[in-house]
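*Asks:* I'm passing along structure_27.cif; it holds mmCIF, C-alpha atoms.
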data_structure
loop_
_atom_site.label_atom_id
_atom_site.label_comp_id
_atom_site.auth_asym_id
_atom_site.auth_seq_id
_atom_site.Cartn_x
_atom_site.Cartn_y
_atom_site.Cartn_z
CA MET A 1 -10.73 -31.28 3.61
CA THR A 2 -7.12 -31.78 4.69
CA LEU A 3 -4.00 -29.67 4.96
CA THR A 4 -2.43 -31.94 2.36
CA GLN A 5 -5.15 -31.06 -0.13
CA LEU A 6 -4.62 -27.35 0.54
CA LYS A 7 -0.88 -27.81 0.07
CA TYR A 8 -1.50 -29.57 -3.23
CA LEU A 9 -3.82 -26.83 -4.48
CA ILE A 10 -1.29 -24.10 -3.64
CA ALA A 11 1.42 -26.04 -5.50
CA VAL A 12 -0.80 -26.37 -8.57
CA SER A 13 -1.60 -22.64 -8.54
CA GLU A 14 2.08 -21.77 -8.38
CA ALA A 15 3.12 -24.21 -11.11
CA ASN A 16 0.09 -23.62 -13.37
CA SER A 17 0.48 -27.27 -14.29
CA LEU A 18 -0.62 -30.53 -12.68
CA ASN A 19 2.43 -32.34 -14.04
CA ASP A 20 4.92 -29.74 -12.78
CA ALA A 21 3.18 -29.52 -9.41
CA ALA A 22 3.25 -33.29 -9.04
CA LYS A 23 7.00 -33.34 -9.73
CA ALA A 24 7.58 -30.58 -7.15
CA LEU A 25 5.52 -32.52 -4.60
CA TYR A 26 7.19 -35.85 -5.42
CA ILE A 27 3.88 -37.57 -6.08
CA SER A 28 2.30 -38.98 -9.22
CA GLN A 29 0.13 -36.77 -11.42
CA PRO A 30 -2.90 -39.10 -11.08
CA SER A 31 -2.61 -38.96 -7.27
CA LEU A 32 -2.49 -35.16 -7.36
CA SER A 33 -5.46 -34.96 -9.74
CA ALA A 34 -7.47 -37.31 -7.55
CA ALA A 35 -6.76 -35.22 -4.44
CA ILE A 36 -7.88 -32.01 -6.17
CA ARG A 37 -10.99 -33.73 -7.59
CA SER A 38 -11.86 -35.00 -4.13
CA LEU A 39 -11.53 -31.50 -2.69
CA GLU A 40 -13.71 -30.05 -5.45
CA LYS A 41 -16.36 -32.69 -4.78
CA GLU A 42 -16.37 -31.84 -1.08
CA LEU A 43 -16.61 -28.10 -1.77
CA GLY A 44 -19.29 -28.45 -4.41
CA PHE A 45 -17.57 -26.30 -7.06
CA ASP A 46 -14.62 -26.48 -9.47
CA LEU A 47 -11.29 -25.05 -8.40
CA LEU A 48 -9.54 -25.53 -11.75
CA ILE A 49 -10.38 -25.13 -15.41
CA ARG A 50 -8.69 -28.01 -17.22
CA THR A 51 -7.89 -27.67 -20.93
CA LYS A 52 -5.41 -29.23 -23.34
CA GLY A 53 -3.33 -26.07 -23.02
CA GLY A 54 -3.04 -26.39 -19.25
CA ILE A 55 -4.95 -25.37 -16.15
CA THR A 56 -6.21 -22.07 -14.73
CA MET A 57 -7.98 -21.24 -11.49
CA THR A 58 -11.71 -20.53 -11.51
CA VAL A 59 -12.99 -17.32 -9.92
CA ARG A 60 -14.22 -19.23 -6.86
CA GLY A 61 -11.00 -21.22 -6.93
CA LEU A 62 -8.94 -18.04 -6.60
CA GLU A 63 -11.10 -16.93 -3.69
CA PHE A 64 -10.68 -20.31 -2.00
CA LEU A 65 -6.94 -20.22 -2.72
CA GLY A 66 -6.58 -17.01 -0.70
CA TYR A 67 -8.12 -18.69 2.33
CA ALA A 68 -6.04 -21.84 1.77
CA LYS A 69 -2.82 -19.83 1.80
CA SER A 70 -3.89 -18.08 4.99
CA VAL A 71 -4.62 -21.43 6.67
CA MET A 72 -1.27 -22.88 5.62
CA GLU A 73 0.60 -19.79 6.84
CA GLN A 74 -1.10 -20.04 10.22
CA TYR A 75 -0.34 -23.76 10.39
CA ALA A 76 3.32 -23.06 9.64
CA LEU A 77 3.42 -20.62 12.56
CA LEU A 78 1.75 -23.15 14.88
CA ASP A 79 4.12 -25.87 13.78
CA ALA A 80 7.15 -23.65 14.24
CA ARG A 81 6.14 -22.51 17.72
CA PHE A 82 4.71 -25.66 19.26
CA ILE A 83 5.85 -28.69 17.25
CA SER A 84 9.12 -28.32 15.37
CA GLN A 85 10.03 -25.19 17.37
CA THR A 86 11.83 -23.60 14.45
CA ALA A 87 11.91 -19.92 13.63
CA VAL A 88 9.40 -18.87 10.95
CA LYS A 89 9.13 -15.26 9.88
CA LYS A 90 5.79 -13.50 10.14
CA ARG A 91 4.57 -12.00 6.87
CA PHE A 92 3.16 -8.58 6.08
CA SER A 93 2.16 -7.44 2.59
CA VAL A 94 0.52 -4.28 1.27
CA SER A 95 -0.63 -3.31 -2.22
CA MET A 96 -1.17 0.25 -3.37
CA GLN A 97 -1.79 2.62 -6.20
CA HIS A 98 1.28 4.70 -7.06
CA TYR A 99 1.58 6.78 -3.88
CA THR A 100 5.03 7.69 -2.62
CA PHE A 101 3.67 8.43 0.85
CA ALA A 102 2.31 4.85 1.06
CA VAL A 103 5.74 3.50 0.11
CA ASP A 104 7.33 5.85 2.63
CA ALA A 105 5.00 4.56 5.39
CA PHE A 106 5.88 0.99 4.41
CA ALA A 107 9.60 1.81 4.63
CA GLU A 108 9.14 3.29 8.10
CA LEU A 109 7.38 0.10 9.21
CA VAL A 110 10.24 -2.06 7.91
CA LYS A 111 12.85 0.18 9.54
CA ARG A 112 11.06 0.00 12.88
CA HIS A 113 10.68 -3.78 12.98
CA GLY A 114 13.61 -4.94 10.87
CA MET A 115 13.61 -8.09 8.77
CA ASP A 116 14.85 -10.67 11.25
CA GLU A 117 11.35 -11.69 12.37
CA TYR A 118 9.24 -10.42 9.47
CA GLU A 119 8.97 -11.03 5.74
CA PHE A 120 7.71 -7.91 3.97
CA GLU A 121 6.10 -7.42 0.55
CA VAL A 122 5.00 -4.22 -1.18
CA HIS A 123 3.14 -4.13 -4.49
CA GLU A 124 2.82 -0.75 -6.21
CA THR A 125 0.44 -1.75 -8.96
CA LYS A 126 -2.78 -1.28 -10.95
CA THR A 127 -6.04 -0.49 -9.15
CA TYR A 128 -7.71 -3.79 -10.10
CA GLU A 129 -4.69 -5.75 -8.83
CA VAL A 130 -4.73 -3.83 -5.54
CA ILE A 131 -8.30 -5.03 -5.00
CA GLU A 132 -7.57 -8.59 -6.16
CA ASN A 133 -4.46 -8.86 -3.98
CA VAL A 134 -6.43 -7.97 -0.85
CA LYS A 135 -9.42 -10.09 -1.87
CA ASN A 136 -7.21 -13.15 -2.39
CA GLN A 137 -5.10 -12.39 0.71
CA LYS A 138 -1.90 -11.81 -1.22
CA SER A 139 -1.84 -8.51 0.66
CA GLU A 140 -3.39 -7.65 4.00
CA LEU A 141 -4.06 -4.05 3.02
CA GLY A 142 -4.56 -2.01 -0.14
CA VAL A 143 -4.16 1.76 -0.47
CA LEU A 144 -6.32 3.65 -3.01
CA TYR A 145 -8.68 6.59 -3.34
CA LEU A 146 -12.38 7.27 -3.78
CA ASN A 147 -14.10 10.37 -5.14
CA ASP A 148 -17.61 11.38 -6.17
CA TYR A 149 -17.14 9.82 -9.60
CA ASN A 150 -15.92 6.32 -8.69
CA LYS A 151 -17.29 5.90 -5.16
CA ARG A 152 -20.56 4.14 -6.02
CA VAL A 153 -18.96 1.63 -8.40
CA MET A 154 -15.90 0.98 -6.26
CA THR A 155 -17.98 0.55 -3.10
CA LYS A 156 -20.05 -2.07 -4.92
CA ILE A 157 -16.86 -3.86 -6.02
CA PHE A 158 -15.53 -3.80 -2.46
CA GLY A 159 -18.77 -5.24 -1.11
CA GLU A 160 -18.82 -8.08 -3.64
CA ALA A 161 -15.20 -8.89 -2.80
CA GLY A 162 -15.87 -8.93 0.97
CA LEU A 163 -13.73 -5.84 1.56
CA ARG A 164 -14.14 -2.76 3.74
CA PHE A 165 -12.79 0.73 3.03
CA GLU A 166 -11.35 2.87 5.82
CA PRO A 167 -10.75 6.55 4.91
CA PHE A 168 -7.69 8.40 6.18
CA PHE A 169 -7.96 11.90 4.82
CA ASP A 170 -9.70 14.07 2.24
CA CYS A 171 -7.70 16.41 0.07
CA GLY A 172 -7.92 18.73 -2.89
CA ILE A 173 -6.37 18.06 -6.29
CA TYR A 174 -2.85 19.12 -7.18
CA VAL A 175 -0.79 19.25 -10.35
CA TYR A 176 2.45 17.34 -9.89
CA LEU A 177 5.22 18.52 -12.19
CA TRP A 178 8.94 19.14 -12.62
CA LYS A 179 10.36 22.28 -11.00
CA GLY A 180 11.73 23.31 -14.41
CA HIS A 181 8.26 23.27 -15.97
CA PRO A 182 7.20 26.67 -17.45
CA LEU A 183 4.17 26.74 -15.12
CA ALA A 184 5.97 25.62 -11.96
CA ASN A 185 6.05 29.13 -10.45
CA ARG A 186 2.25 29.51 -10.42
CA ASP A 187 0.28 29.51 -7.15
CA GLN A 188 -2.52 27.56 -8.83
CA LEU A 189 -3.32 26.10 -12.23
CA SER A 190 -6.40 25.30 -14.28
CA LEU A 191 -6.85 22.52 -16.79
CA GLU A 192 -6.97 25.21 -19.47
CA ASP A 193 -3.48 26.38 -18.41
CA LEU A 194 -2.23 22.80 -18.85
CA GLU A 195 -3.90 22.13 -22.19
CA GLU A 196 -0.73 22.27 -24.31
CA TYR A 197 1.23 19.96 -22.00
CA PRO A 198 0.86 16.15 -21.86
CA CYS A 199 -1.16 14.73 -19.00
CA LEU A 200 0.54 11.60 -17.65
CA SER A 201 -1.50 8.77 -16.18
CA PHE A 202 -0.89 5.22 -15.01
CA ASP A 203 -1.94 2.51 -17.44
CA GLN A 204 -4.51 0.13 -15.96
CA GLY A 205 -3.98 -2.71 -18.43
CA THR A 206 -7.01 -4.76 -19.42
CA HIS A 207 -9.04 -3.15 -16.63
CA ASN A 208 -8.75 0.33 -18.09
CA SER A 209 -12.14 1.62 -16.93
CA PHE A 210 -12.37 5.28 -15.89
CA TYR A 211 -13.48 3.99 -12.48
CA PHE A 212 -10.09 2.30 -12.00
CA ALA A 213 -8.07 5.36 -13.03
CA GLU A 214 -5.53 6.45 -10.43
CA GLU A 215 -5.93 10.08 -11.41
CA VAL A 216 -9.08 12.07 -10.67
CA LEU A 217 -10.85 13.86 -13.53
CA SER A 218 -10.17 10.76 -15.64
CA THR A 219 -13.07 11.54 -18.02
CA TYR A 220 -11.78 15.00 -18.89
CA PRO A 221 -11.03 15.29 -22.67
CA TYR A 222 -7.28 15.90 -22.39
CA LYS A 223 -5.74 17.25 -25.60
CA ARG A 224 -2.53 15.31 -24.95
CA LEU A 225 -2.45 12.14 -22.85
CA ILE A 226 0.35 9.63 -22.22
CA LYS A 227 -0.01 6.44 -20.21
CA ALA A 228 2.92 4.91 -18.33
CA SER A 229 3.25 1.72 -16.32
CA ASP A 230 5.54 2.84 -13.48
CA ARG A 231 6.37 5.87 -11.35
CA ALA A 232 10.00 6.23 -12.54
CA THR A 233 8.90 6.50 -16.17
CA LEU A 234 6.25 9.05 -15.23
CA LEU A 235 8.84 11.22 -13.50
CA ASN A 236 11.21 10.99 -16.47
CA LEU A 237 8.45 12.11 -18.84
CA MET A 238 7.72 15.08 -16.60
CA VAL A 239 11.27 16.27 -17.25
CA ARG A 240 11.73 15.29 -20.89
CA LEU A 241 8.27 16.25 -22.17
CA GLN A 242 7.18 18.82 -19.57
CA GLY A 243 4.32 16.55 -18.63
CA TYR A 244 2.24 16.59 -15.47
CA THR A 245 -0.05 14.36 -13.47
CA LEU A 246 -2.79 14.95 -10.92
CA CYS A 247 -2.25 13.92 -7.31
CA CYS A 248 -3.20 14.47 -3.67
CA GLY A 249 -0.39 16.95 -3.12
CA ILE A 250 1.75 15.05 -0.60
CA ILE A 251 5.43 15.47 -1.49
CA CYS A 252 7.97 12.78 -0.57
CA GLU A 253 11.34 14.18 -1.61
CA ASP A 254 13.19 11.27 0.01
CA LEU A 255 11.74 8.96 -2.64
CA ASN A 256 11.08 11.11 -5.72
CA GLY A 257 13.87 13.60 -5.16
CA PRO A 258 13.75 17.39 -4.73
CA ASP A 259 13.09 18.24 -8.39
CA TYR A 260 9.29 18.03 -8.34
CA LEU A 261 6.49 20.06 -6.78
CA ALA A 262 2.72 20.20 -6.42
CA VAL A 263 0.60 23.19 -7.47
CA ARG A 264 -3.06 23.49 -6.49
CA LEU A 265 -5.51 22.75 -9.31
CA VAL A 266 -8.47 25.11 -9.66
CA SER A 267 -11.22 22.54 -9.09
CA GLU A 268 -13.94 21.71 -6.59
CA GLU A 269 -13.00 18.04 -6.94
CA ARG A 270 -11.92 16.20 -3.78
CA MET A 271 -10.44 12.77 -3.19
CA THR A 272 -10.50 10.48 -0.17
CA ILE A 273 -7.40 8.39 0.43
CA GLY A 274 -8.05 5.18 2.33
CA CYS A 275 -7.27 1.53 2.83
CA ILE A 276 -9.12 -1.66 1.94
CA SER A 277 -8.95 -4.89 3.94
CA ARG A 278 -10.96 -8.08 4.25
CA LYS A 279 -14.14 -7.81 6.36
CA ASP A 280 -13.72 -11.33 7.70
CA ALA A 281 -10.09 -11.00 8.79
CA PRO A 282 -8.90 -8.94 11.78
CA LEU A 283 -5.88 -6.76 11.10
CA SER A 284 -2.51 -7.94 12.32
CA SER A 285 -0.50 -5.76 14.68
CA LEU A 286 1.65 -4.66 11.72
CA GLY A 287 -1.46 -3.89 9.71
CA GLN A 288 -2.79 -1.66 12.46
CA GLU A 289 0.57 0.04 12.80
CA TYR A 290 0.74 0.67 9.05
CA LEU A 291 -2.66 2.36 9.22
CA GLU A 292 -1.32 4.63 11.95
CA TYR A 293 1.61 5.61 9.74
CA LEU A 294 -0.79 6.42 6.89
CA SER A 295 -3.10 8.42 9.15
CA ALA A 296 -0.15 10.60 10.13
CA TYR A 297 -0.03 11.95 6.58
CA ARG A 298 -3.32 13.72 7.26
CA GLU A 299 -1.23 16.51 8.77
CA LYS A 300 0.93 16.68 5.64
CA THR A 301 -1.88 17.23 3.14
CA LEU A 302 -1.70 20.64 1.52
CA ASN A 303 -5.50 21.16 1.25
#
Starting from the coordinates I provided, produce the structure as structure tokens.
*Replies:*
Amino acid sequence: MTLTQLKYLIAVSEANSLNDAAKALYISQPSLSAAIRSLEKELGFDLLIRTKGGITMTVRGLEFLGYAKSVMEQYALLDARFISQTAVKKRFSVSMQHYTFAVDAFAELVKRHGMDEYEFEVHETKTYEVIENVKNQKSELGVLYLNDYNKRVMTKIFGEAGLRFEPFFDCGIYVYLWKGHPLANRDQLSLEDLEEYPCLSFDQGTHNSFYFAEEVLSTYPYKRLIKASDRATLLNLMVRLQGYTLCCGIICEDLNGPDYLAVRLVSEERMTIGCISRKDAPLSSLGQEYLEYLSAYREKTLN
């Protein structure tokens, strides 16, 4: 196995085409194919699925690709520091379910360190993609929740992906809605109170299992339910349709604005907010610092 082979594989994954990758690498397509075949032979499994319509990565290929990218990033840092002595930015990436407090913590991290030495990425996305991004090392950390309903299944998924889950805080369930909502002045609400209003939830795409739902009580038979793909749309629907969603109760007015509030839901349900990371990879200094920022929100939970 060579660094050149890893470089070739990464190029193929980015181009989704052997021909396009070969052009980008300034080598012939047969030479590129031979290098990938040689790597597959050494590893003992296929990295690519080759069809007339193009190429895709195998499941094990995607797992290997995550490690390959990590190796190449570390090599780039070594080269920059000890060989070419050029400045290369360190990288930090985090994926998360749609939590404004997790975005807020990320913003504080960027503000503290600036972007001269670091390259930052944040992915506010579907639950399955949060897990995949950490598994394949696209992100160092992933922020999501567990509860009594999804814990057994999600813990199994984490274990199979080589991930660990670190909890930050437990909290009750809150109804997040627009301040102009007819029920906004209540001290607490029940699901029966909310029956005539649309429940808003985040669409999980092809992985739309109840276990991947970002909202607790996902199996409840809501009379009206609307799925949205992003946080801005969800907030707009809260205003236009008097919708609501269920959340952990942490309010971040700096990001969502002052026009929304959280009202306690009458429920014994609890949720545990935490972070996933790879078991076989120690956290970077920025990763550890990000966890500290998240832990600080324990004091801001309404409970």
*Asks:* Skipping near chain neighbours, those fewer than 6 positions away, what residues fall within 10 Å of A:Asn133 using only C-alpha atoms, listed as a list in words?
*Replies:*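 Surrounding residues, per the criterion: Gly66, Ser93, Val94, Ser95, Met96, His123, Thr125, Thr127, Ser139, Glu140, Leu141, Gly142 and Ser277 of chain A.
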*Asks:* Which of these residues is nearest to A:Glu195, using all atoms listed in the file: A:Tyr244, A:Phe82, A:Trp178, A:Tyr8?
*Replies:*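 Of A:Tyr244, A:Phe82, A:Trp178, A:Tyr8, the one nearest A:Glu195 is A:Tyr244, counting all atoms listed in the file.
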*Asks:* Kindly indicate which residue among A:Thr56, A:Asn208, A:Thr2, A:Ser17 lies nearest to A:Ala35, using only C-alpha atoms for the distances.
*Replies:* A:Thr2
*Asks:* List the neighbours of A:Ile157 out to 12 Å using all atoms listed in the file; skip same-chain residues closer than 6 positions along the sequence, and give me the result as a ChimeraX atom specification.
*Replies:* /A:127-128,131-132,135,150-151,163-165,211-212,276
*Asks:* Please evaluate the PyMOL selection byres ((chain A and resi 293) around 9) against the displayed coordinates and give the resulting residues as a PyMOL selection string.
*Replies:* chain A and resi 102+105-106+108-109+288-292+294-297
*Asks:* Can you turn the PyMOL selection byres ((chain A and resi 22) around 12) into a concrete residue list for this file, as a list in words?
*Replies:*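 This file, filtered by the PyMOL selection byres ((chain A and resi 22) around 12), leaves Lys7, Tyr8, Leu9, Ile10, Ala11, Val12, Ser13, Glu14, Ala15, Asn16, Ser17, Leu18, Asn19, Asp20, Ala21, Lys23, Ala24, Leu25, Tyr26, Ile27, Ser28, Gln29, Pro30, Ser31, Leu32, Ser33, Ala34, Ala35 and Ile36 of chain A.
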*Asks:* If you measure from atom CA of A:Ala213 to atom CA of A:Gln97, what distance in Å do you get, rounded to one decimal?
*Replies:*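 Separating atom CA of A:Ala213 from atom CA of A:Gln97 is a distance of 9.7 Å.
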*Asks:* Could you put an axis-aligned box around every listed atom of stretch 101-108 of chain A, padded by 3 Å on each side, and send me its centre and edge lengths in Å to one decimal, as AutoDock Vina command-line options?
*Replies:*
--center_x 6.0 --center_y 4.7 --center_z 4.1 --size_x 13.3 --size_y 13.4 --size_z 14.0
*Asks:* Please report the interatomic distance between atom CA of A:Phe101 and atom CA of A:Phe158 in Å with one decimal.
*Replies:*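 Interatomic distance, atom CA of A:Phe101 to atom CA of A:Phe158: 23.0 Å.
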*Asks:* Name the residues that the PyMOL selection byres ((chain A and resi 144) around 6) picks from the file above, as a list in words, using the file's chain letters and numbers.
*Replies:* Gln97, Val143, Tyr145, Ile273 and Gly274 of chain A
*Asks:* Could you list, as a list in words, every residue within 6 Å of A:Val263, counting all atoms listed in the file and ignoring same-chain residues fewer than 6 positions away?
*Replies:*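 In the requested format, the answer is Tyr174, Val175 and Gln188 of chain A.
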*Asks:* With only C-alpha atoms as the basis for distance, which of A:Ile55, A:Val122, A:Leu6, A:Leu237 is at the shortest distance from A:Tyr67?
*Replies:*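 Looking only at the distances to A:Tyr67, the closest residue turns out to be A:Leu6.
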*Asks:* For stretch 60-62 of chain A, find every residue with an atom within 7 Å (counting all atoms listed in the file), except residues of its own chain fewer than 5 positions away, and show them as a list of chain:residue names.
*Replies:*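 Surrounding residues, per the criterion: A:Asp46, A:Leu47, A:Leu48, A:Asn136.
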*Asks:* I'd like the interatomic distance between atom CA of A:Lys179 and atom CA of A:Leu261, to a tenth of an Å.
*Replies:*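 Between atom CA of A:Lys179 and atom CA of A:Leu261 the gap is 6.1 Å.
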*Asks:* Determine, counting all atoms listed in the file, which protein, DNA and RNA residues have an atom within 7 Å of an atom of A:Cys248; residues of the same chain fewer than 6 positions away are not included. Present the result as a ChimeraX atom specification.
*Replies:* /A:171-174
